[in-house]
$ cat my_file01.txt   # compact mmCIF, C-alpha atoms
# COMPACT_ATOMS: atom_id res chain seq x y z
CA MET R 1 3.15 -57.70 -21.68
CA ALA R 2 5.13 -55.77 -19.08
CA LYS R 3 7.72 -54.93 -21.73
CA GLN R 4 4.99 -53.57 -24.04
CA ARG R 5 3.69 -51.32 -21.26
CA GLN R 6 7.23 -50.08 -20.63
CA VAL R 7 7.72 -49.25 -24.31
CA ALA R 8 4.34 -47.48 -24.45
CA SER R 9 5.31 -45.41 -21.39
CA VAL R 10 8.56 -44.35 -23.01
CA VAL R 11 6.72 -43.34 -26.19
CA ARG R 12 4.21 -41.21 -24.23
CA ALA R 13 7.00 -39.56 -22.25
CA ARG R 14 9.06 -38.65 -25.34
CA PRO R 15 9.45 -34.85 -25.29
CA VAL R 16 8.17 -33.03 -28.32
CA SER R 17 10.97 -31.49 -30.35
CA ARG R 18 11.59 -27.82 -29.51
CA SER R 19 11.74 -27.07 -33.23
CA GLU R 20 8.25 -28.54 -33.60
CA THR R 21 6.59 -26.35 -30.94
CA LEU R 22 8.50 -23.07 -30.65
CA PRO R 23 7.24 -21.40 -33.86
CA GLU R 24 3.65 -22.34 -33.06
CA LEU R 25 3.96 -21.00 -29.52
CA VAL R 26 5.52 -17.74 -30.73
CA ASN R 27 2.68 -17.25 -33.22
CA ALA R 28 0.08 -18.02 -30.56
CA MET R 29 1.58 -15.45 -28.19
CA LEU R 30 1.80 -12.82 -30.94
CA GLU R 31 -1.84 -13.42 -31.82
CA SER R 32 -2.72 -12.93 -28.17
CA TYR R 33 -0.94 -9.55 -28.17
CA ARG R 34 -2.62 -8.46 -31.42
CA SER R 35 -6.11 -9.56 -30.44
CA ASP R 36 -6.13 -7.83 -27.05
CA GLN R 37 -4.19 -4.62 -26.52
CA ARG R 38 -4.43 -4.80 -22.72
CA ALA R 39 -1.65 -5.96 -20.38
CA HIS R 40 1.31 -5.54 -22.72
CA ARG R 41 3.74 -2.72 -23.50
CA VAL R 42 4.60 -3.52 -27.11
CA ASN R 43 5.21 -0.35 -29.20
CA ARG R 44 5.25 1.79 -26.05
CA ARG R 45 8.33 3.48 -24.62
CA PHE R 46 7.65 4.97 -21.22
CA LEU R 47 7.16 3.12 -17.95
CA PRO R 48 8.60 3.85 -14.49
CA ALA R 49 10.88 1.17 -13.05
CA ARG R 50 9.54 -0.47 -9.91
CA ASP R 51 12.98 -1.49 -8.64
CA GLU R 52 14.25 2.08 -9.01
CA ILE R 53 11.25 3.44 -7.12
CA VAL R 54 11.87 0.99 -4.27
CA GLU R 55 15.51 2.15 -4.18
CA ILE R 56 14.29 5.75 -3.99
CA LEU R 57 12.12 4.78 -1.03
CA GLN R 58 15.03 3.16 0.75
CA LEU R 59 17.18 6.27 0.26
CA LEU R 60 14.36 8.47 1.51
CA LEU R 61 14.01 6.33 4.62
CA GLN R 62 17.72 6.93 5.28
CA LEU R 63 17.02 10.67 5.21
CA LEU R 64 13.92 10.44 7.39
CA TYR R 65 15.44 8.06 9.96
CA PRO R 66 19.23 8.60 9.82
CA GLY R 67 21.15 5.84 11.55
CA TYR R 68 18.20 3.44 11.45
CA HIS R 69 18.17 2.80 7.69
CA GLY R 70 21.39 2.55 5.72
CA ARG R 71 24.57 3.77 7.45
CA GLN R 72 24.73 3.25 11.20
CA ASP R 73 28.06 4.99 11.85
CA LEU R 74 26.75 8.55 11.50
CA THR R 75 28.26 11.29 13.65
CA ASP R 76 28.10 15.07 13.81
CA GLU R 77 31.21 15.10 11.63
CA ASN R 78 29.94 12.95 8.75
CA VAL R 79 26.15 13.35 8.80
CA ALA R 80 26.15 16.47 6.59
CA TYR R 81 28.20 14.67 3.93
CA HIS R 82 25.91 11.63 4.14
CA VAL R 83 22.78 13.75 3.73
CA GLY R 84 24.29 15.66 0.79
CA VAL R 85 25.31 12.49 -1.05
CA THR R 86 21.97 10.80 -0.37
CA LEU R 87 19.94 13.83 -1.46
CA THR R 88 21.95 14.07 -4.69
CA ALA R 89 21.31 10.41 -5.48
CA VAL R 90 17.63 10.68 -4.62
CA ARG R 91 17.14 13.79 -6.74
CA GLU R 92 18.71 12.17 -9.80
CA LYS R 93 16.64 9.03 -9.47
CA LEU R 94 13.46 10.99 -8.73
CA CYS R 95 13.87 13.16 -11.80
CA THR R 96 14.24 10.10 -14.01
CA GLN R 97 11.26 8.22 -12.59
CA ILE R 98 8.97 11.26 -12.43
CA ALA R 99 9.78 12.03 -16.07
CA LEU R 100 8.89 8.46 -16.99
CA CYS R 101 5.62 8.78 -15.07
CA LEU R 102 4.74 12.01 -16.89
CA CYS R 103 5.55 10.50 -20.29
CA HIS R 104 3.66 7.33 -19.41
CA GLU R 105 0.56 9.33 -18.53
CA THR R 106 0.73 11.21 -21.82
CA GLU R 107 1.31 8.01 -23.78
CA VAL R 108 -1.65 6.28 -22.11
CA CYS R 109 -3.84 9.23 -23.11
CA GLY R 110 -2.89 8.62 -26.74
CA GLU R 111 -0.74 11.72 -27.10
CA CYS R 112 2.86 11.93 -28.23
CA PRO R 113 5.12 12.37 -25.18
CA GLU R 114 7.74 15.13 -25.18
CA PRO R 115 10.65 13.76 -23.14
CA HIS R 116 12.59 17.02 -22.99
CA GLY R 117 9.63 18.98 -21.65
CA SER R 118 8.93 16.18 -19.21
CA ASP R 119 12.51 16.34 -17.94
CA THR R 120 12.12 20.01 -17.05
CA ARG R 121 8.80 19.42 -15.30
CA ALA R 122 10.21 16.38 -13.52
CA ARG R 123 13.05 18.43 -12.04
CA GLU R 124 10.55 21.01 -10.77
CA LEU R 125 8.38 18.32 -9.18
CA ALA R 126 11.36 16.49 -7.68
CA ASP R 127 12.63 19.71 -6.09
CA SER R 128 9.16 20.55 -4.76
CA PHE R 129 8.94 17.09 -3.25
CA LEU R 130 12.37 17.23 -1.64
CA THR R 131 11.68 20.60 -0.02
CA ARG R 132 8.79 18.89 1.81
CA LEU R 133 11.03 16.28 3.46
CA PRO R 134 11.54 18.28 6.70
CA ASP R 135 7.75 18.61 7.07
CA ILE R 136 7.28 14.89 6.37
CA ARG R 137 9.90 14.05 8.98
CA ARG R 138 8.17 16.24 11.58
CA ALA R 139 4.88 14.46 10.90
CA LEU R 140 6.54 11.05 11.18
CA ILE R 141 8.16 11.90 14.51
CA GLY R 142 4.64 12.55 15.79
CA ASP R 143 3.50 9.18 14.40
CA VAL R 144 6.44 7.38 16.05
CA GLN R 145 5.71 9.06 19.38
CA ALA R 146 2.01 8.15 19.05
CA ALA R 147 2.98 4.51 18.54
CA PHE R 148 5.19 4.54 21.62
CA ASP R 149 2.59 6.31 23.74
CA GLY R 150 -0.20 4.04 22.52
CA ASP R 151 1.49 0.67 23.01
CA PRO R 152 2.61 -0.36 26.50
CA ALA R 153 4.64 -3.18 24.93
CA ALA R 154 6.99 -0.67 23.28
CA MET R 155 10.25 -0.32 25.20
CA ASN R 156 11.61 2.74 23.38
CA LEU R 157 11.45 4.71 20.14
CA ASP R 158 14.23 2.61 18.59
CA GLU R 159 11.99 -0.46 18.78
CA VAL R 160 9.09 1.44 17.26
CA ILE R 161 11.13 2.68 14.29
CA LEU R 162 12.94 -0.58 13.63
CA ALA R 163 10.23 -3.14 14.30
CA TYR R 164 6.72 -1.69 13.93
CA PRO R 165 5.14 -2.39 10.52
CA GLY R 166 2.58 0.36 11.02
CA VAL R 167 5.37 2.94 11.24
CA LEU R 168 6.88 1.71 7.97
CA ALA R 169 3.48 1.78 6.29
CA ILE R 170 2.69 5.32 7.40
CA SER R 171 6.22 6.49 6.52
CA VAL R 172 5.86 5.30 2.95
CA TYR R 173 2.30 6.68 2.80
CA ARG R 174 3.39 10.18 3.85
CA LEU R 175 6.06 10.23 1.14
CA ALA R 176 3.70 8.88 -1.51
CA HIS R 177 0.92 11.28 -0.48
CA VAL R 178 3.10 14.32 -1.25
CA LEU R 179 3.87 12.96 -4.74
CA HIS R 180 0.15 12.29 -5.19
CA GLU R 181 -0.62 15.90 -4.23
CA LEU R 182 1.98 17.10 -6.75
CA GLY R 183 0.12 15.24 -9.50
CA VAL R 184 2.63 12.45 -10.09
CA ASP R 185 0.72 9.34 -11.14
CA LEU R 186 1.68 5.69 -10.73
CA MET R 187 4.83 6.20 -8.63
CA PRO R 188 2.90 6.83 -5.38
CA ARG R 189 0.86 3.67 -5.96
CA ILE R 190 3.99 1.62 -6.53
CA MET R 191 5.38 3.00 -3.27
CA THR R 192 2.37 2.20 -1.12
CA GLU R 193 1.88 -1.22 -2.69
CA TRP R 194 5.50 -2.04 -1.84
CA ALA R 195 4.71 -1.08 1.75
CA HIS R 196 1.50 -3.13 1.54
CA ALA R 197 3.52 -6.21 0.60
CA LYS R 198 6.01 -5.54 3.40
CA THR R 199 3.59 -4.70 6.21
CA GLY R 200 0.15 -6.02 5.28
CA ALA R 201 -1.30 -2.50 5.54
CA ASP R 202 -2.95 -1.10 2.42
CA ILE R 203 -2.98 2.72 2.55
CA HIS R 204 -3.90 4.54 -0.65
CA PRO R 205 -1.63 7.57 -1.27
CA GLY R 206 -4.71 9.70 -1.94
CA ALA R 207 -6.01 9.31 1.62
CA THR R 208 -5.68 12.29 3.97
CA ILE R 209 -4.23 11.43 7.39
CA GLY R 210 -3.68 13.92 10.21
CA LYS R 211 -1.04 14.19 12.91
CA ASN R 212 0.01 11.55 15.45
CA PHE R 213 -1.49 8.58 13.62
CA PHE R 214 -0.98 5.12 15.12
CA LEU R 215 -1.66 1.99 13.09
CA ASP R 216 -1.28 -0.77 15.67
CA HIS R 217 -0.12 -4.18 14.36
CA ALA R 218 -1.04 -2.99 10.84
CA THR R 219 -1.76 -6.36 9.24
CA GLY R 220 -4.90 -6.34 7.12
CA ALA R 221 -5.72 -2.65 7.59
CA VAL R 222 -7.22 -0.98 4.50
CA ILE R 223 -7.51 2.81 4.10
CA GLY R 224 -9.20 3.87 0.86
CA GLU R 225 -8.31 6.68 -1.51
CA THR R 226 -10.81 9.30 -0.33
CA THR R 227 -10.59 8.53 3.39
CA VAL R 228 -10.08 11.54 5.67
CA ILE R 229 -8.50 10.85 9.07
CA GLY R 230 -8.06 13.55 11.71
CA ASP R 231 -5.41 13.99 14.38
CA ASN R 232 -4.57 11.54 17.18
CA VAL R 233 -6.40 8.59 15.60
CA LYS R 234 -5.59 4.98 16.42
CA LEU R 235 -6.51 2.03 14.21
CA TYR R 236 -5.90 -1.62 14.95
CA GLN R 237 -5.21 -4.53 12.61
CA GLY R 238 -7.84 -5.57 10.11
CA VAL R 239 -9.72 -2.26 10.12
CA THR R 240 -11.29 -1.41 6.76
CA LEU R 241 -12.15 2.17 5.83
CA GLY R 242 -13.76 1.37 2.51
CA ALA R 243 -16.36 2.24 -0.08
CA LEU R 244 -19.99 1.28 0.38
CA SER R 245 -20.59 1.07 -3.36
CA HIS R 246 -19.09 2.19 -6.64
CA PRO R 247 -21.45 4.58 -8.48
CA ARG R 248 -21.58 4.10 -12.23
CA ASP R 249 -22.51 6.32 -15.16
CA GLU R 250 -25.14 5.62 -17.80
CA ARG R 251 -22.69 3.38 -19.67
CA GLY R 252 -21.97 1.28 -16.59
CA ARG R 253 -18.49 2.68 -16.00
CA VAL R 254 -17.29 3.39 -12.46
CA ILE R 255 -17.47 7.11 -11.69
CA ARG R 256 -14.11 8.21 -10.32
CA GLY R 257 -13.16 11.23 -8.24
CA ARG R 258 -16.06 11.16 -5.77
CA LYS R 259 -15.64 10.72 -2.02
CA ARG R 260 -16.30 7.03 -1.45
CA HIS R 261 -14.59 6.40 1.89
CA PRO R 262 -15.33 7.46 5.48
CA THR R 263 -14.20 10.44 7.53
CA VAL R 264 -12.62 9.68 10.91
CA GLU R 265 -12.50 12.72 13.16
CA ASP R 266 -9.91 13.61 15.80
CA GLY R 267 -9.19 11.26 18.67
CA VAL R 268 -11.09 8.23 17.37
CA THR R 269 -10.00 4.67 18.19
CA VAL R 270 -11.12 1.82 15.92
CA TYR R 271 -10.48 -1.69 17.20
CA ALA R 272 -9.52 -4.79 15.25
CA ASN R 273 -11.48 -5.99 12.22
CA ALA R 274 -14.04 -3.19 12.30
CA THR R 275 -15.44 -2.24 8.89
CA VAL R 276 -16.53 1.33 8.19
CA LEU R 277 -17.93 2.06 4.72
CA GLY R 278 -19.23 4.99 2.72
CA GLY R 279 -18.19 8.47 1.69
CA GLU R 280 -20.86 10.11 3.84
CA THR R 281 -20.04 8.05 6.95
CA VAL R 282 -18.40 10.10 9.72
CA LEU R 283 -16.97 8.72 12.94
CA GLY R 284 -17.41 11.59 15.37
CA ALA R 285 -14.50 12.97 17.36
CA GLY R 286 -13.47 11.00 20.40
CA SER R 287 -15.52 7.92 19.54
CA VAL R 288 -14.41 4.38 20.29
CA ILE R 289 -15.40 1.74 17.74
CA GLY R 290 -15.33 -1.84 19.01
CA GLY R 291 -13.86 -4.79 17.20
CA SER R 292 -15.65 -6.53 14.33
CA VAL R 293 -18.48 -4.00 14.02
CA PHE R 294 -19.91 -3.10 10.61
CA ILE R 295 -20.77 0.60 10.20
CA THR R 296 -22.41 2.31 7.22
CA ARG R 297 -23.86 5.41 8.92
CA SER R 298 -22.38 8.31 10.86
CA ILE R 299 -21.61 8.03 14.56
CA PRO R 300 -21.98 11.09 16.86
CA PRO R 301 -18.92 12.47 18.65
CA GLY R 302 -17.99 10.71 21.86
CA SER R 303 -19.88 7.52 20.98
CA ARG R 304 -19.04 3.99 22.09
CA VAL R 305 -19.93 1.39 19.48
CA ALA R 306 -19.79 -2.33 20.22
CA LEU R 307 -21.45 -5.61 19.32
CA LYS R 308 -23.48 -7.45 21.94
CA PRO R 309 -21.33 -10.12 23.58
CA PRO R 310 -21.86 -13.50 21.91
CA GLU R 311 -23.30 -16.41 23.88
CA LEU R 312 -20.48 -18.80 24.63
CA LYS R 313 -20.59 -22.49 25.47
CA VAL R 314 -17.67 -23.83 27.48
CA GLN R 315 -17.13 -27.56 27.97
CA PRO R 316 -14.97 -28.26 31.05
CA ALA R 317 -11.84 -30.32 30.67
CA ASN R 318 -13.35 -33.17 32.72
CA GLY R 319 -15.55 -34.02 29.72
CA HIS R 320 -18.88 -33.15 31.38
CA ARG R 321 -21.39 -31.84 28.89
CA ASP R 322 -24.82 -30.32 28.97
CA ASP R 323 -27.11 -33.06 27.62
CA ASP R 324 -29.83 -30.48 26.97
CA ASP R 325 -27.63 -28.69 24.47
CA PRO R 326 -27.84 -30.28 20.99
CA ALA R 327 -24.71 -28.45 19.99
CA THR R 328 -22.67 -30.06 22.74
CA PRO R 329 -19.80 -32.11 21.29
CA GLY R 330 -20.41 -35.83 21.49
CA ARG R 331 -24.13 -35.80 20.75
$ encode --input "my_file01.txt" --output "structure tokens"
Amino acid sequence: MAKQRQVASVVRARPVSRSETLPELVNAMLESYRSDQRAHRVNRRFLPARDEIVEILQLLLQLLYPGYHGRQDLTDENVAYHVGVTLTAVREKLCTQIALCLCHETEVCGECPEPHGSDTRARELADSFLTRLPDIRRALIGDVQAAFDGDPAAMNLDEVILAYPGVLAISVYRLAHVLHELGVDLMPRIMTEWAHAKTGADIHPGATIGKNFFLDHATGAVIGETTVIGDNVKLYQGVTLGALSHPRDERGRVIRGRKRHPTVEDGVTVYANATVLGGETVLGAGSVIGGSVFITRSIPPGSRVALKPPELKVQPANGHRDDDDPATPGR
């Protein structure tokens, strides 16, 4: 009997011949592609390369923070050469990926892309972007200083640049935001989603963020596409600046292009896990928003917003409990 069970087990475990299943699987996958045109790139030519865009980001970080990213042996004698070589490499890669983005957009719209025309436009956009790098760097120096000034645990600016995820997230955002403003689609989203995966902070490249921005701890923060943030703003981890609802047209499709996310005026501090929703919601200048609050209406300037303290029950370590409390452990 035991031998019969052993034979039956061997029969059930016998692998099906590859020649028996491969043609059927191929046909099933092809039918899937034919029956639903979404989520595949068959018969399409143009798509930016995510790995190349990440490499562009890493080269740009070397330009924004020389000596911190990439080469660490920079001196007055070799820094000009390093910047020239890095800019040349970035420009070449940018032109290629921007051209792919432009062709991809045209292809998605159902038109026939013109690669040569896209190459010319890509060079113009890449050069426009690169000329903004000094301005981006000036803005980021303000963000780094804001992080140092706002966190007593920071020992120096080196620590802030090398170790603070919020600084990386805002650095990538400021680069992606310029490309977004120039009308380059897809690449800015790939950039900020790479930073999202690295830092836990989700900042849409379409958001508008002012000077001296400090994103403390960063993890779980969400800043939506149409958010407007003023100068000298500080957000803690888990803060959501999101949409209250998604308006739809008569066919039930989401209406895009409207302001859906809040405005945060100058000098506002928003503590951990606060949620602020709605395109008409304004946090007035100088306000302090406490942790874990839920806000869907505007707050006047200079306000202090906080939840009422919760009622806590503390059981001492000696095991004594309040017998009148039904929630006391042990009842």
$ closest_atom_pairs --input "my_file01.txt" --of "stretch 86-145 of chain R" --to "stretch 169-185 of chain R" --cutoff "12 Å" --atoms "all atoms listed in the file" --output "JSON lines"
{"residue": "R:Leu94", "atom": "CA", "partner": "R:Leu179", "partner_atom": "CA", "distance": 10.6}
{"residue": "R:Cys95", "atom": "CA", "partner": "R:Val184", "partner_atom": "CA", "distance": 11.4}
{"residue": "R:Gln97", "atom": "CA", "partner": "R:Val184", "partner_atom": "CA", "distance": 9.9}
{"residue": "R:Ile98", "atom": "CA", "partner": "R:Val184", "partner_atom": "CA", "distance": 6.9}
{"residue": "R:Ala99", "atom": "CA", "partner": "R:Val184", "partner_atom": "CA", "distance": 9.3}
{"residue": "R:Leu100", "atom": "CA", "partner": "R:Asp185", "partner_atom": "CA", "distance": 10.1}
{"residue": "R:Cys101", "atom": "CA", "partner": "R:Asp185", "partner_atom": "CA", "distance": 6.3}
{"residue": "R:Leu102", "atom": "CA", "partner": "R:Val184", "partner_atom": "CA", "distance": 7.1}
{"residue": "R:Cys103", "atom": "CA", "partner": "R:Asp185", "partner_atom": "CA", "distance": 10.4}
{"residue": "R:His104", "atom": "CA", "partner": "R:Asp185", "partner_atom": "CA", "distance": 9.0}
{"residue": "R:Glu105", "atom": "CA", "partner": "R:Asp185", "partner_atom": "CA", "distance": 7.4}
{"residue": "R:Thr106", "atom": "CA", "partner": "R:Asp185", "partner_atom": "CA", "distance": 10.8}
{"residue": "R:Val108", "atom": "CA", "partner": "R:Asp185", "partner_atom": "CA", "distance": 11.6}
{"residue": "R:Ser118", "atom": "CA", "partner": "R:Val184", "partner_atom": "CA", "distance": 11.7}
{"residue": "R:Arg121", "atom": "CA", "partner": "R:Val184", "partner_atom": "CA", "distance": 10.7}
{"residue": "R:Ala122", "atom": "CA", "partner": "R:Val184", "partner_atom": "CA", "distance": 9.2}
{"residue": "R:Glu124", "atom": "CA", "partner": "R:Leu182", "partner_atom": "CA", "distance": 10.2}
{"residue": "R:Leu125", "atom": "CA", "partner": "R:Leu182", "partner_atom": "CA", "distance": 7.0}
{"residue": "R:Ala126", "atom": "CA", "partner": "R:Leu179", "partner_atom": "CA", "distance": 8.8}
{"residue": "R:Asp127", "atom": "CA", "partner": "R:Leu182", "partner_atom": "CA", "distance": 11.0}
{"residue": "R:Ser128", "atom": "CA", "partner": "R:Leu182", "partner_atom": "CA", "distance": 8.2}
{"residue": "R:Phe129", "atom": "CA", "partner": "R:Leu179", "partner_atom": "CA", "distance": 6.7}
{"residue": "R:Leu130", "atom": "CA", "partner": "R:Val178", "partner_atom": "CA", "distance": 9.7}
{"residue": "R:Thr131", "atom": "CA", "partner": "R:Val178", "partner_atom": "CA", "distance": 10.7}
{"residue": "R:Arg132", "atom": "CA", "partner": "R:Val178", "partner_atom": "CA", "distance": 7.9}
{"residue": "R:Leu133", "atom": "CA", "partner": "R:Leu175", "partner_atom": "CA", "distance": 8.2}
{"residue": "R:Pro134", "atom": "CA", "partner": "R:Leu175", "partner_atom": "CA", "distance": 11.2}
{"residue": "R:Asp135", "atom": "CA", "partner": "R:Arg174", "partner_atom": "CA", "distance": 10.0}
{"residue": "R:Ile136", "atom": "CA", "partner": "R:Arg174", "partner_atom": "CA", "distance": 6.6}
{"residue": "R:Arg137", "atom": "CA", "partner": "R:Ser171", "partner_atom": "CA", "distance": 8.8}
{"residue": "R:Arg138", "atom": "CA", "partner": "R:Arg174", "partner_atom": "CA", "distance": 10.9}
{"residue": "R:Ala139", "atom": "CA", "partner": "R:Arg174", "partner_atom": "CA", "distance": 8.4}
{"residue": "R:Leu140", "atom": "CA", "partner": "R:Ser171", "partner_atom": "CA", "distance": 6.5}
{"residue": "R:Ile141", "atom": "CA", "partner": "R:Ser171", "partner_atom": "CA", "distance": 9.8}
{"residue": "R:Gly142", "atom": "CA", "partner": "R:Ser171", "partner_atom": "CA", "distance": 11.2}
{"residue": "R:Asp143", "atom": "CA", "partner": "R:Ile170", "partner_atom": "CA", "distance": 8.0}
{"residue": "R:Val144", "atom": "CA", "partner": "R:Ser171", "partner_atom": "CA", "distance": 9.6}
$ write_last_selection --input "my_file01.txt" --atoms "C-alpha atoms" --output "PDB file, keeping the file's coordinate frame"
ATOM      1  CA  LEU R  94      13.460  10.990  -8.730  1.00  0.00           C
ATOM      2  CA  CYS R  95      13.870  13.160 -11.800  1.00  0.00           C
ATOM      3  CA  GLN R  97      11.260   8.220 -12.590  1.00  0.00           C
ATOM      4  CA  ILE R  98       8.970  11.260 -12.430  1.00  0.00           C
ATOM      5  CA  ALA R  99       9.780  12.030 -16.070  1.00  0.00           C
ATOM      6  CA  LEU R 100       8.890   8.460 -16.990  1.00  0.00           C
ATOM      7  CA  CYS R 101       5.620   8.780 -15.070  1.00  0.00           C
ATOM      8  CA  LEU R 102       4.740  12.010 -16.890  1.00  0.00           C
ATOM      9  CA  CYS R 103       5.550  10.500 -20.290  1.00  0.00           C
ATOM     10  CA  HIS R 104       3.660   7.330 -19.410  1.00  0.00           C
ATOM     11  CA  GLU R 105       0.560   9.330 -18.530  1.00  0.00           C
ATOM     12  CA  THR R 106       0.730  11.210 -21.820  1.00  0.00           C
ATOM     13  CA  VAL R 108      -1.650   6.280 -22.110  1.00  0.00           C
ATOM     14  CA  SER R 118       8.930  16.180 -19.210  1.00  0.00           C
ATOM     15  CA  ARG R 121       8.800  19.420 -15.300  1.00  0.00           C
ATOM     16  CA  ALA R 122      10.210  16.380 -13.520  1.00  0.00           C
ATOM     17  CA  GLU R 124      10.550  21.010 -10.770  1.00  0.00           C
ATOM     18  CA  LEU R 125       8.380  18.320  -9.180  1.00  0.00           C
ATOM     19  CA  ALA R 126      11.360  16.490  -7.680  1.00  0.00           C
ATOM     20  CA  ASP R 127      12.630  19.710  -6.090  1.00  0.00           C
ATOM     21  CA  SER R 128       9.160  20.550  -4.760  1.00  0.00           C
ATOM     22  CA  PHE R 129       8.940  17.090  -3.250  1.00  0.00           C
ATOM     23  CA  LEU R 130      12.370  17.230  -1.640  1.00  0.00           C
ATOM     24  CA  THR R 131      11.680  20.600  -0.020  1.00  0.00           C
ATOM     25  CA  ARG R 132       8.790  18.890   1.810  1.00  0.00           C
ATOM     26  CA  LEU R 133      11.030  16.280   3.460  1.00  0.00           C
ATOM     27  CA  PRO R 134      11.540  18.280   6.700  1.00  0.00           C
ATOM     28  CA  ASP R 135       7.750  18.610   7.070  1.00  0.00           C
ATOM     29  CA  ILE R 136       7.280  14.890   6.370  1.00  0.00           C
ATOM     30  CA  ARG R 137       9.900  14.050   8.980  1.00  0.00           C
ATOM     31  CA  ARG R 138       8.170  16.240  11.580  1.00  0.00           C
ATOM     32  CA  ALA R 139       4.880  14.460  10.900  1.00  0.00           C
ATOM     33  CA  LEU R 140       6.540  11.050  11.180  1.00  0.00           C
ATOM     34  CA  ILE R 141       8.160  11.900  14.510  1.00  0.00           C
ATOM     35  CA  GLY R 142       4.640  12.550  15.790  1.00  0.00           C
ATOM     36  CA  ASP R 143       3.500   9.180  14.400  1.00  0.00           C
ATOM     37  CA  VAL R 144       6.440   7.380  16.050  1.00  0.00           C
TER      38      VAL R 144
END
$ residues_around --input "my_file01.txt" --residues "R:Ala207" --least-positions-apart "4" --cutoff "6 Å" --atoms "only C-alpha atoms" --output "PyMOL selection string"
chain R and resi 225-227
$ axis_aligned_box --input "my_file01.txt" --around "stretch 33-42 of chain R" --padding-each-side "6 Å" --output "JSON"
{"center_x": -0.8, "center_y": -6.1, "center_z": -25.9, "size_x": 22.7, "size_y": 18.8, "size_z": 23.0}
$ closest_atom_pairs --input "my_file01.txt" --of "stretch 85-156 of chain R" --to "stretch 50-63 of chain R" --cutoff "7 Å" --atoms "only C-alpha atoms" --output "CSV"
residue,atom,partner,partner_atom,distance
R:Thr86,CA,R:Leu59,CA,6.6
R:Val90,CA,R:Ile56,CA,6.0
R:Lys93,CA,R:Ile56,CA,6.8
$ residues_around --input "my_file01.txt" --residues "R:His217" --least-positions-apart "5" --cutoff "9 Å" --atoms "only C-alpha atoms" --output "ChimeraX atom specification"
/R:164-166,199,235-238
$ atom_distance --input "my_file01.txt" --atom1 "atom CA of R:Lys313" --atom2 "atom CA of R:Gly291"
20.7 Å
$ closest_residue --input "my_file01.txt" --among "R:Leu162, R:Val167, R:Ala221, R:Ala197" --to "R:Gly67" --atoms "all atoms listed in the file"
R:Leu162
